[in-house]
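Engineer: To start, I am sharing the structure in question, which I have written as structure tokens.
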Amino acid sequence: FDQLSWYPLGRVVGGTVYPGIMVTAGLIHYVLNKLNFPIDIREVCVFLAPLFSGLTAVACYLFTCEMKDPSAGLLAAAFIGIAPGYISRSVAGSYDNEAIAIFLLMYTFYLWIKAVKLGSAFYGGLAAMFYFYMVSAWGGYVFIINLIPLHVFVLILMGRFSPRIYVAYSSFYILGTLASMNIPFVNFLPTRTNDHMAALAISHRVNSKSYLML
């Protein structure tokens, strides 16, 4: 309990913050020191955003390659590298949630597209794990849990529903929701807030449609 924050009320730190960026910095610091790279935790925090900005460019490349081709992927990586809004959040010393969250956002979408194309529960589960990581890092995780159901809904309207979508979405939604509820700040929000109801509705629709296809 931190008595100096939100003075004079104070606050329970564990239940009011997203722990992802702090856990990431702490884990990198721990691993580097175990490998005999004596680096201070402050230096890890300073260079965390530039490190993940490079990974974001790679994630954009992979995502766009799945959607189009490697040429388009290179353009996407170049564009994210010069986007002013992202540059301001990825400079050295910018220790904020967005420092890692944009990478997690793009990589989750990449894994989702892979899961849909292959009909793979493995890639659906990986997407769910990166979604969990995203939930732990930033409140913008609601973009993921609304855009993926929207994608599935549009595919259903276009008559392109298939068992691959059922496998990908079911593995992503079930594992992702259960994992996200382990974050203290989120807790049972996925079961009772409007932000998550679209994902639940699409889950029901996907299951009923799959049942009718049997």
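The way I read the labels, and the way they are meant: chains A, B, ... in the order of the structure tokens, residue 1 as the first residue of every chain, and ligand 1 as the first ligand shown, with later ones counted on from there.
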Write out as a PyMOL selection string the set of residues from region 38-197 of chain A that DSSP, computed on the backbone, places in alpha helix (DSSP H).

Structural biologist: chain A and resi 41-67+70-82+84-87+98-118+121-137+141-157+163-180+197

Engineer: Find the residues near region 146-153 of chain A: any atom within 12 Å, counting only C-alpha atoms, skip ones fewer than 4 places away on the same chain, and give them as a ChimeraX atom specification.

Structural biologist: /A:105,108-113,115-116,124,127-128,131,140-142,157-162,164-170,172-173,176,190,194-206,209

Engineer: Using only C-alpha atoms, can you tell me which of A:Val135, A:Ile39, A:Ile28, A:Ala121 comes closest to Met181 (chain A)?

Structural biologist: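 For Met181 (chain A), the nearest of the candidates is A:Val135.
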
Engineer: Let me make sure I understand: among A:Val91, A:Ala59, A:Val44, A:Val17, which one has the smallest atom-to-atom distance to Val186 (chain A) if we use only C-alpha atoms?

Structural biologist: A:Val17

Engineer: Do you have the CA of Leu32 (chain A)-CA of Phe185 (chain A) distance handy?

Structural biologist: 28.9 Å

Engineer: Closest to Val46 (chain A) among A:Ala25, A:Ala78, A:Leu178, A:Met213, using only C-alpha atoms?

Structural biologist: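 Closest to Val46 (chain A) of all the choices is A:Ala25.
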
Engineer: Which one of A:Ser180, A:Gly119, A:Gly26, A:Ala92 sits closest to Asp40 (chain A) if you count only C-alpha atoms?

Structural biologist: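 Answer, going by the shortest atom-to-atom distance: A:Gly26.
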
Engineer: Can you pull out the residues contacting Ser136 (chain A)? Cut-off 12 Å, using only C-alpha atoms, and skip same-chain residues under 6 positions away; I want them as a JSON list (two decimals) with C-alpha atoms, in the first residue's frame.

Structural biologist:
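What follows is the written file part_26.json:
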[["chain", "number", "residue", "atom", "x", "y", "z"],
["A", 14, "GLY", "CA", -0.66, -4.11, -7.23],
["A", 15, "GLY", "CA", -4.33, -3.62, -8.03],
["A", 16, "THR", "CA", -4.07, -0.26, -9.80],
["A", 17, "VAL", "CA", -1.17, -0.62, -12.25],
["A", 18, "TYR", "CA", -0.35, -2.73, -15.30],
["A", 19, "PRO", "CA", 2.75, -4.71, -14.28],
["A", 20, "GLY", "CA", 3.95, -5.74, -17.76],
["A", 21, "ILE", "CA", 6.62, -3.10, -18.39],
["A", 22, "MET", "CA", 8.07, -3.43, -14.88],
["A", 23, "VAL", "CA", 8.22, -7.22, -15.10],
["A", 24, "THR", "CA", 9.84, -6.97, -18.55],
["A", 97, "ASN", "CA", 3.45, 1.31, -21.21],
["A", 98, "GLU", "CA", 3.42, 2.05, -24.94],
["A", 100, "ILE", "CA", 6.36, -2.47, -25.22],
["A", 101, "ALA", "CA", 2.63, -2.42, -25.96],
["A", 104, "LEU", "CA", 2.73, -6.78, -28.48],
["A", 129, "MET", "CA", -0.31, -15.66, -24.65],
["A", 130, "PHE", "CA", 0.86, -12.47, -26.34],
["A", 142, "VAL", "CA", -9.25, -3.69, -25.66],
["A", 176, "GLY", "CA", -6.69, -15.31, -23.72],
["A", 179, "ALA", "CA", -5.09, -15.69, -18.81],
["A", 180, "SER", "CA", -6.09, -12.02, -18.75],
["A", 181, "MET", "CA", -8.21, -12.55, -15.64],
["A", 182, "ASN", "CA", -5.02, -13.31, -13.71],
["A", 183, "ILE", "CA", -3.93, -9.66, -13.94],
["A", 184, "PRO", "CA", -5.13, -8.04, -10.66],
["A", 185, "PHE", "CA", -6.08, -4.76, -12.36],
["A", 186, "VAL", "CA", -8.28, -6.63, -14.87],
["A", 187, "ASN", "CA", -9.64, -9.46, -12.72]]
